[in-house]
Amino acid sequence: MSFTTEIKDEVRVIDAGAPPERFARGWHCLGLVRDFADGQPHQVSAFGTELVVFAGEDGTINVLDAFCRHMGGNLAQGTIKGNTIACPFHDWRWRGDGKCAAIPYAKRVPPIARTRSWHTSEVSGQLFVWHDPQNKKPPAELAIPEIPTYGDPGWTDWVWNSIEVTGSHCREIVDNVVDMAHFFYVHYGMPTYFRNVFEGHTATQSMRTRPRPDAAGVSQSTNYSTESQSDATYYGPSYMIDKLWSGGRDHEGSPNIYLINCHYPISATSFRLQYGVIVEKPAGLADEQAEQIAQAVAKGVAIGFEQDVHIWKNKSRIDNPLLCEEDGPVYQLRRWYEQFYVDVDDVAPEMVNRFEYEIDTERALQSWQAEVDANIAAGRSALAPNLTTASADSAS
């Protein structure tokens with residue numbers, strides 16, 4: 001048998017591998033500050049453990065391990081007293097720095113009465129916690145950047161959503177950074193330009209796209225020849241800021257939408273996906289109408305994310321994806337992503353050195369346009385069956 005025949009007859013076998021045994025080092029967004037600042041303790045499952053998030057009387061939001069170091073009571077079931085969280089079991093009161101401040105029935109507090117306090121940061125109305133298996137403090141250069149228009153009266157507040165994804169690892173969502181083709185099949189857009197840049201702790205995706213006319217309802221625009229611009233950057237392993245120029249907005253100016261795409265791990269095979277949008281209020285439009293626009297943008301984003309989640313829950317993990325030229329730099333992205341799963345001293349140059357890649361979209365656009373034209377001629381919708389079924393169920 002010739003060597004050529006052997007290659008032709010070879011069957012590709014999936015290497016499913018195994019998810020990392022550790023969780024990524026970096027800042028992780030737990031959600032909106034406003035949702036944690038209600039005077040009640042909140043339990044969050046993250047990083048293979050349980051956390052309690054609470055705001056004391058001084059307004060400072062604190063994050064501690066959820067289980068009391070005394071007898072294991074769940075602090076998230078306790079009560080906020082002053083600037084402490086009181087355990088429901090024996091009323092041991094824990095400060096935000098992890099020290100036990102008081103035991104009402106005891107003469108003194110044991111000097112070793114400490115629990116784990118998590119480093120926190122509040123940025124653009126969002127609460128972040130720092131996770132590091134080496135227990136090092138967060139470096140200043142890795143700080144999450146502010147959204148410049150957050151809090152501006154000319155912009156809406158966050159429209160925020162959250163989905164728990166089970167049976168999947170966080171890497172699945174990060175792979176989307178380089179996956180040009182899935183934007184047609186999953187997010188119902190037609191990318192006309194697609195470029196990636198990885199450098200240091202950031203990974204950027206720049207894209208121009210047109211909406212699919214055979215997927216009505218996903219995009220607000222019905223002008224299917226108008227391109228939107230997206231510049232999306234991951235800052236660390238789990239938090240992406242996406243600047244969007246939509247509705248014919250001049251790409252040379254400032255964006256009119258900010259989209260946040262973020263997640264935090266619950267276990268090695270589950271994570272919580274969160275996403276939110278703020279939108280510039282069109283001139284002369286009432287706040288209520290501007291809020292409706294933000295809700296509509298979030299709804300369109302949700303359609304794509306719901307399809308993402310459906311795929312992640314039903315696909316195989318794959319460490320050796322079989323790629324074509326238009327699939328983008330998947331392996332290079334995964335090398336970048338690996339830096340967050342090794343000790344700082346083990347971060348290799350190939351994980352952080354600058355890397356650039358642009359995909360030629362010409363062939364893809366020709367094929368996709370033919371598919372769109374065929375769907376329109378036949379009166380077919382491109383929306384995935386699982387989404388249309390879910391929509392019908394929610395309407396009934």
# chains A, B, ... in the order shown; residues from 1 in each chain; ligands from 1
>>> residues_around(residues="region 46-52 of chain A", least_positions_apart="5", cutoff="6 Å", atoms="only C-alpha atoms", output="PDB file with N, CA and C atoms, in the first residue's frame")
ATOM      1  N   VAL A  63     -16.073  39.693  49.688  1.00  0.00           N
ATOM      2  CA  VAL A  63     -16.217  38.304  49.257  1.00  0.00           C
ATOM      3  C   VAL A  63     -15.369  37.430  50.173  1.00  0.00           C
ATOM      4  N   LEU A  64     -16.020  36.456  50.811  1.00  0.00           N
ATOM      5  CA  LEU A  64     -15.351  35.504  51.701  1.00  0.00           C
ATOM      6  C   LEU A  64     -15.705  34.092  51.271  1.00  0.00           C
ATOM      7  N   ASP A  65     -14.920  33.115  51.751  1.00  0.00           N
ATOM      8  CA  ASP A  65     -15.366  31.726  51.653  1.00  0.00           C
ATOM      9  C   ASP A  65     -16.681  31.604  52.400  1.00  0.00           C
ATOM     10  N   ALA A  66     -17.600  30.823  51.858  1.00  0.00           N
ATOM     11  CA  ALA A  66     -18.963  30.802  52.405  1.00  0.00           C
ATOM     12  C   ALA A  66     -19.095  30.056  53.730  1.00  0.00           C
ATOM     13  N   ALA A  76     -23.679  32.455  53.875  1.00  0.00           N
ATOM     14  CA  ALA A  76     -24.645  33.014  52.936  1.00  0.00           C
ATOM     15  C   ALA A  76     -26.078  32.900  53.452  1.00  0.00           C
ATOM     16  N   PRO A 265     -15.655  30.168  36.300  1.00  0.00           N
ATOM     17  CA  PRO A 265     -15.836  28.718  36.428  1.00  0.00           C
ATOM     18  C   PRO A 265     -16.568  28.356  37.709  1.00  0.00           C
ATOM     19  N   ILE A 266     -17.443  27.379  37.615  1.00  0.00           N
ATOM     20  CA  ILE A 266     -18.093  26.806  38.793  1.00  0.00           C
ATOM     21  C   ILE A 266     -17.344  25.551  39.214  1.00  0.00           C
ATOM     22  N   SER A 267     -17.107  24.681  38.242  1.00  0.00           N
ATOM     23  CA  SER A 267     -16.304  23.471  38.448  1.00  0.00           C
ATOM     24  C   SER A 267     -15.471  23.276  37.192  1.00  0.00           C
TER      25      SER A 267
END
>>> select_by_dssp(residues="region 23-228 of chain A", states="alpha helix (DSSP H)", output="ChimeraX atom specification")
/A:33-36,171-174,182-185
>>> write_last_selection(atoms="all heavy atoms", output="mmCIF file, in the first residue's frame")
data_model
loop_
_atom_site.group_PDB
_atom_site.id
_atom_site.type_symbol
_atom_site.label_atom_id
_atom_site.label_comp_id
_atom_site.auth_asym_id
_atom_site.auth_seq_id
_atom_site.Cartn_x
_atom_site.Cartn_y
_atom_site.Cartn_z
ATOM 1 N N VAL A 33 -22.649 45.193 40.516
ATOM 2 C CA VAL A 33 -22.568 45.673 41.893
ATOM 3 C C VAL A 33 -23.963 45.873 42.469
ATOM 4 O O VAL A 33 -24.232 45.525 43.627
ATOM 5 C CB VAL A 33 -21.764 46.989 41.944
ATOM 6 C CG1 VAL A 33 -21.894 47.646 43.315
ATOM 7 C CG2 VAL A 33 -20.294 46.730 41.610
ATOM 8 N N ARG A 34 -24.875 46.427 41.672
ATOM 9 C CA ARG A 34 -26.215 46.744 42.176
ATOM 10 C C ARG A 34 -26.950 45.503 42.689
ATOM 11 O O ARG A 34 -27.797 45.597 43.576
ATOM 12 C CB ARG A 34 -27.035 47.439 41.093
ATOM 13 C CG ARG A 34 -27.456 46.540 39.945
ATOM 14 C CD ARG A 34 -28.092 47.304 38.803
ATOM 15 N NE ARG A 34 -28.625 46.395 37.785
ATOM 16 C CZ ARG A 34 -28.777 46.719 36.508
ATOM 17 N NH1 ARG A 34 -28.426 47.936 36.082
ATOM 18 N NH2 ARG A 34 -29.278 45.846 35.652
ATOM 19 N N ASP A 35 -26.635 44.346 42.130
ATOM 20 C CA ASP A 35 -27.317 43.121 42.540
ATOM 21 C C ASP A 35 -26.774 42.548 43.848
ATOM 22 O O ASP A 35 -27.430 41.705 44.475
ATOM 23 C CB ASP A 35 -27.220 42.071 41.435
ATOM 24 C CG ASP A 35 -27.987 42.467 40.185
ATOM 25 O OD1 ASP A 35 -28.965 43.231 40.320
ATOM 26 O OD2 ASP A 35 -27.599 42.046 39.075
ATOM 27 N N PHE A 36 -25.564 42.989 44.235
ATOM 28 C CA PHE A 36 -24.976 42.499 45.487
ATOM 29 C C PHE A 36 -25.105 43.512 46.626
ATOM 30 O O PHE A 36 -24.835 43.175 47.775
ATOM 31 C CB PHE A 36 -23.500 42.164 45.278
ATOM 32 C CG PHE A 36 -23.250 41.002 44.356
ATOM 33 C CD1 PHE A 36 -22.647 41.188 43.122
ATOM 34 C CD2 PHE A 36 -23.627 39.724 44.724
ATOM 35 C CE1 PHE A 36 -22.413 40.116 42.276
ATOM 36 C CE2 PHE A 36 -23.400 38.640 43.881
ATOM 37 C CZ PHE A 36 -22.794 38.837 42.654
ATOM 38 N N ARG A 171 -12.975 26.925 28.196
ATOM 39 C CA ARG A 171 -12.228 27.074 26.947
ATOM 40 C C ARG A 171 -13.139 27.141 25.734
ATOM 41 O O ARG A 171 -12.800 27.747 24.719
ATOM 42 C CB ARG A 171 -11.232 25.913 26.793
ATOM 43 C CG ARG A 171 -10.268 26.097 25.621
ATOM 44 C CD ARG A 171 -9.321 24.917 25.476
ATOM 45 N NE ARG A 171 -10.018 23.713 25.021
ATOM 46 C CZ ARG A 171 -9.411 22.550 24.809
ATOM 47 N NH1 ARG A 171 -8.117 22.434 25.058
ATOM 48 N NH2 ARG A 171 -10.098 21.504 24.398
ATOM 49 N N GLU A 172 -14.316 26.513 25.828
ATOM 50 C CA GLU A 172 -15.232 26.499 24.696
ATOM 51 C C GLU A 172 -15.611 27.913 24.267
ATOM 52 O O GLU A 172 -15.635 28.232 23.080
ATOM 53 C CB GLU A 172 -16.493 25.698 25.029
ATOM 54 C CG GLU A 172 -16.250 24.231 25.368
ATOM 55 C CD GLU A 172 -15.789 23.403 24.180
ATOM 56 O OE1 GLU A 172 -15.827 23.897 23.032
ATOM 57 O OE2 GLU A 172 -15.383 22.241 24.398
ATOM 58 N N ILE A 173 -15.918 28.764 25.237
ATOM 59 C CA ILE A 173 -16.324 30.123 24.872
ATOM 60 C C ILE A 173 -15.141 30.954 24.394
ATOM 61 O O ILE A 173 -15.264 31.771 23.481
ATOM 62 C CB ILE A 173 -17.062 30.827 26.035
ATOM 63 C CG1 ILE A 173 -17.630 32.165 25.562
ATOM 64 C CG2 ILE A 173 -16.170 31.001 27.247
ATOM 65 C CD1 ILE A 173 -18.541 32.829 26.561
ATOM 66 N N VAL A 174 -13.949 30.726 24.970
ATOM 67 C CA VAL A 174 -12.774 31.482 24.559
ATOM 68 C C VAL A 174 -12.376 31.122 23.125
ATOM 69 O O VAL A 174 -11.897 31.977 22.375
ATOM 70 C CB VAL A 174 -11.609 31.247 25.543
ATOM 71 C CG1 VAL A 174 -10.348 31.961 25.087
ATOM 72 C CG2 VAL A 174 -12.003 31.733 26.941
ATOM 73 N N HIS A 182 -18.304 30.495 12.779
ATOM 74 C CA HIS A 182 -19.459 30.269 13.647
ATOM 75 C C HIS A 182 -20.346 31.503 13.760
ATOM 76 O O HIS A 182 -21.510 31.412 14.143
ATOM 77 C CB HIS A 182 -19.001 29.761 15.026
ATOM 78 C CG HIS A 182 -18.949 30.790 16.109
ATOM 79 N ND1 HIS A 182 -17.965 31.753 16.158
ATOM 80 C CD2 HIS A 182 -19.751 31.002 17.186
ATOM 81 C CE1 HIS A 182 -18.159 32.513 17.223
ATOM 82 N NE2 HIS A 182 -19.241 32.096 17.861
ATOM 83 N N PHE A 183 -19.803 32.674 13.399
ATOM 84 C CA PHE A 183 -20.633 33.877 13.451
ATOM 85 C C PHE A 183 -21.758 33.829 12.414
ATOM 86 O O PHE A 183 -22.809 34.439 12.606
ATOM 87 C CB PHE A 183 -19.779 35.134 13.268
ATOM 88 C CG PHE A 183 -19.051 35.528 14.525
ATOM 89 C CD1 PHE A 183 -17.751 35.118 14.746
ATOM 90 C CD2 PHE A 183 -19.688 36.275 15.505
ATOM 91 C CE1 PHE A 183 -17.089 35.448 15.919
ATOM 92 C CE2 PHE A 183 -19.044 36.611 16.681
ATOM 93 C CZ PHE A 183 -17.736 36.196 16.888
ATOM 94 N N PHE A 184 -21.561 33.095 11.329
ATOM 95 C CA PHE A 184 -22.627 32.913 10.345
ATOM 96 C C PHE A 184 -23.652 31.907 10.841
ATOM 97 O O PHE A 184 -24.861 32.151 10.811
ATOM 98 C CB PHE A 184 -22.039 32.459 9.014
ATOM 99 C CG PHE A 184 -23.077 32.192 7.953
ATOM 100 C CD1 PHE A 184 -23.663 33.222 7.244
ATOM 101 C CD2 PHE A 184 -23.478 30.889 7.664
ATOM 102 C CE1 PHE A 184 -24.624 32.980 6.276
ATOM 103 C CE2 PHE A 184 -24.438 30.622 6.693
ATOM 104 C CZ PHE A 184 -25.010 31.677 5.995
ATOM 105 N N TYR A 185 -23.179 30.772 11.337
ATOM 106 C CA TYR A 185 -24.067 29.669 11.680
ATOM 107 C C TYR A 185 -24.724 29.818 13.053
ATOM 108 O O TYR A 185 -25.830 29.314 13.273
ATOM 109 C CB TYR A 185 -23.306 28.346 11.623
ATOM 110 C CG TYR A 185 -22.728 28.081 10.259
ATOM 111 C CD1 TYR A 185 -21.367 28.266 10.010
ATOM 112 C CD2 TYR A 185 -23.533 27.685 9.205
ATOM 113 C CE1 TYR A 185 -20.836 28.039 8.755
ATOM 114 C CE2 TYR A 185 -23.010 27.454 7.940
ATOM 115 C CZ TYR A 185 -21.659 27.641 7.716
ATOM 116 O OH TYR A 185 -21.139 27.423 6.468
#
>>> closest_residue(among="A:Leu273, A:Leu127, A:Ala377, A:Cys100", to="Trp312 (chain A)", atoms="only C-alpha atoms")
A:Leu273
>>> closest_residue(among="A:His201, A:Gly167, A:Tyr337, A:Tyr235", to="Lys313 (chain A)", atoms="only C-alpha atoms")
A:Gly167
>>> residues_around(residues="Trp158 (chain A)", least_positions_apart="4", cutoff="10 Å", atoms="only C-alpha atoms", output="PDB file with N, CA and C atoms, in the first residue's frame")
ATOM      1  N   LEU A  32     -23.213  42.304  38.513  1.00  0.00           N
ATOM      2  CA  LEU A  32     -23.356  43.736  38.723  1.00  0.00           C
ATOM      3  C   LEU A  32     -23.321  44.089  40.210  1.00  0.00           C
ATOM      4  N   SER A 124     -16.872  49.874  36.441  1.00  0.00           N
ATOM      5  CA  SER A 124     -18.009  50.119  35.546  1.00  0.00           C
ATOM      6  C   SER A 124     -19.284  49.435  36.026  1.00  0.00           C
ATOM      7  N   GLY A 125     -19.510  49.475  37.343  1.00  0.00           N
ATOM      8  CA  GLY A 125     -20.722  48.899  37.900  1.00  0.00           C
ATOM      9  C   GLY A 125     -20.715  47.391  38.022  1.00  0.00           C
ATOM     10  N   GLN A 126     -19.535  46.777  37.867  1.00  0.00           N
ATOM     11  CA  GLN A 126     -19.414  45.319  37.941  1.00  0.00           C
ATOM     12  C   GLN A 126     -18.463  44.928  39.078  1.00  0.00           C
ATOM     13  N   TYR A 150     -19.745  54.430  30.834  1.00  0.00           N
ATOM     14  CA  TYR A 150     -20.610  53.929  31.912  1.00  0.00           C
ATOM     15  C   TYR A 150     -20.942  55.066  32.873  1.00  0.00           C
ATOM     16  N   GLY A 151     -22.215  55.213  33.184  1.00  0.00           N
ATOM     17  CA  GLY A 151     -22.651  56.282  34.077  1.00  0.00           C
ATOM     18  C   GLY A 151     -22.927  57.588  33.377  1.00  0.00           C
ATOM     19  N   TYR A 258     -21.678  49.096  23.985  1.00  0.00           N
ATOM     20  CA  TYR A 258     -20.661  48.290  24.648  1.00  0.00           C
ATOM     21  C   TYR A 258     -21.313  46.984  25.083  1.00  0.00           C
ATOM     22  N   LEU A 259     -20.696  45.882  24.679  1.00  0.00           N
ATOM     23  CA  LEU A 259     -21.162  44.555  25.064  1.00  0.00           C
ATOM     24  C   LEU A 259     -20.113  43.901  25.951  1.00  0.00           C
ATOM     25  N   ILE A 260     -20.536  43.375  27.074  1.00  0.00           N
ATOM     26  CA  ILE A 260     -19.657  42.607  27.959  1.00  0.00           C
ATOM     27  C   ILE A 260     -19.982  41.127  27.795  1.00  0.00           C
ATOM     28  N   TYR A 275     -23.508  38.202  30.240  1.00  0.00           N
ATOM     29  CA  TYR A 275     -23.320  39.196  29.187  1.00  0.00           C
ATOM     30  C   TYR A 275     -24.269  40.361  29.430  1.00  0.00           C
ATOM     31  N   GLY A 276     -23.816  41.541  29.048  1.00  0.00           N
ATOM     32  CA  GLY A 276     -24.621  42.736  29.261  1.00  0.00           C
ATOM     33  C   GLY A 276     -24.294  43.796  28.239  1.00  0.00           C
ATOM     34  N   VAL A 277     -25.231  44.723  28.029  1.00  0.00           N
ATOM     35  CA  VAL A 277     -25.025  45.808  27.072  1.00  0.00           C
ATOM     36  C   VAL A 277     -25.430  47.140  27.683  1.00  0.00           C
ATOM     37  N   ILE A 278     -24.714  48.190  27.294  1.00  0.00           N
ATOM     38  CA  ILE A 278     -25.167  49.560  27.472  1.00  0.00           C
ATOM     39  C   ILE A 278     -25.170  50.195  26.092  1.00  0.00           C
ATOM     40  N   VAL A 279     -26.130  51.094  25.871  1.00  0.00           N
ATOM     41  CA  VAL A 279     -26.370  51.654  24.545  1.00  0.00           C
ATOM     42  C   VAL A 279     -26.436  53.168  24.630  1.00  0.00           C
ATOM     43  N   GLU A 291     -34.127  52.538  26.696  1.00  0.00           N
ATOM     44  CA  GLU A 291     -34.051  51.270  27.423  1.00  0.00           C
ATOM     45  C   GLU A 291     -34.595  50.127  26.576  1.00  0.00           C
ATOM     46  N   ALA A 294     -31.919  49.056  24.223  1.00  0.00           N
ATOM     47  CA  ALA A 294     -30.927  48.221  24.909  1.00  0.00           C
ATOM     48  C   ALA A 294     -31.455  46.814  25.119  1.00  0.00           C
ATOM     49  N   GLN A 295     -32.726  46.703  25.489  1.00  0.00           N
ATOM     50  CA  GLN A 295     -33.337  45.383  25.683  1.00  0.00           C
ATOM     51  C   GLN A 295     -33.349  44.606  24.366  1.00  0.00           C
ATOM     52  N   ALA A 298     -29.856  43.357  23.607  1.00  0.00           N
ATOM     53  CA  ALA A 298     -29.561  42.216  24.474  1.00  0.00           C
ATOM     54  C   ALA A 298     -30.286  40.963  24.009  1.00  0.00           C
TER      55      ALA A 298
END
>>> residues_around(residues="region 300-311 of chain A", least_positions_apart="4", cutoff="6 Å", atoms="only C-alpha atoms", output="PyMOL selection string")
chain A and resi 186-187+218-219+315
>>> residues_around(residues="Glu326 (chain A)", least_positions_apart="3", cutoff="8 Å", atoms="only C-alpha atoms", output="number ranges by chain")
A: 180-181, 359-361
>>> residues_around(residues="Arg380 (chain A)", least_positions_apart="4", cutoff="10 Å", atoms="only C-alpha atoms", output="PDB file with N, CA and C atoms, in the first residue's frame")
ATOM      1  N   ASP A 214     -32.048  36.201   6.245  1.00  0.00           N
ATOM      2  CA  ASP A 214     -32.861  34.998   6.471  1.00  0.00           C
ATOM      3  C   ASP A 214     -32.929  34.624   7.950  1.00  0.00           C
ATOM      4  N   ALA A 215     -32.508  35.554   8.823  1.00  0.00           N
ATOM      5  CA  ALA A 215     -32.582  35.328  10.275  1.00  0.00           C
ATOM      6  C   ALA A 215     -33.207  36.552  10.923  1.00  0.00           C
ATOM      7  N   VAL A 372     -28.079  32.000   1.875  1.00  0.00           N
ATOM      8  CA  VAL A 372     -29.074  32.986   2.289  1.00  0.00           C
ATOM      9  C   VAL A 372     -30.114  33.187   1.186  1.00  0.00           C
ATOM     10  N   ALA A 374     -31.003  31.129  -1.153  1.00  0.00           N
ATOM     11  CA  ALA A 374     -31.834  29.936  -1.270  1.00  0.00           C
ATOM     12  C   ALA A 374     -32.878  29.895  -0.157  1.00  0.00           C
ATOM     13  N   ASN A 375     -32.487  30.275   1.051  1.00  0.00           N
ATOM     14  CA  ASN A 375     -33.436  30.292   2.171  1.00  0.00           C
ATOM     15  C   ASN A 375     -34.550  31.309   1.940  1.00  0.00           C
ATOM     16  N   ILE A 376     -34.184  32.490   1.475  1.00  0.00           N
ATOM     17  CA  ILE A 376     -35.185  33.534   1.234  1.00  0.00           C
ATOM     18  C   ILE A 376     -36.148  33.106   0.126  1.00  0.00           C
TER      19      ILE A 376
END
>>> atom_distance(atom1="CA of Ala378 (chain A)", atom2="CA of Ser228 (chain A)")
26.9 Å
>>> atom_distance(atom1="CA of Phe340 (chain A)", atom2="CA of Thr120 (chain A)")
18.4 Å
>>> closest_residue(among="A:Ala268, A:Ala290, A:Leu322, A:Ala102", to="Asp157 (chain A)", atoms="only C-alpha atoms")
A:Ala290
>>> residues_around(residues="Lys99 (chain A)", least_positions_apart="3", cutoff="8 Å", atoms="only C-alpha atoms", output="ChimeraX atom specification")
/A:94-96,113-115
>>> write_last_selection(atoms="C-alpha atoms", output="compact mmCIF listing (two decimals), in the first residue's frame")
# COMPACT_ATOMS: atom_id res chain seq x y z
CA TRP A 94 -16.70 37.91 60.10
CA ARG A 95 -15.25 41.10 58.62
CA GLY A 96 -14.55 41.65 54.97
CA ALA A 113 -9.95 33.00 63.73
CA ARG A 114 -9.49 33.94 60.09
CA THR A 115 -11.18 32.86 56.90
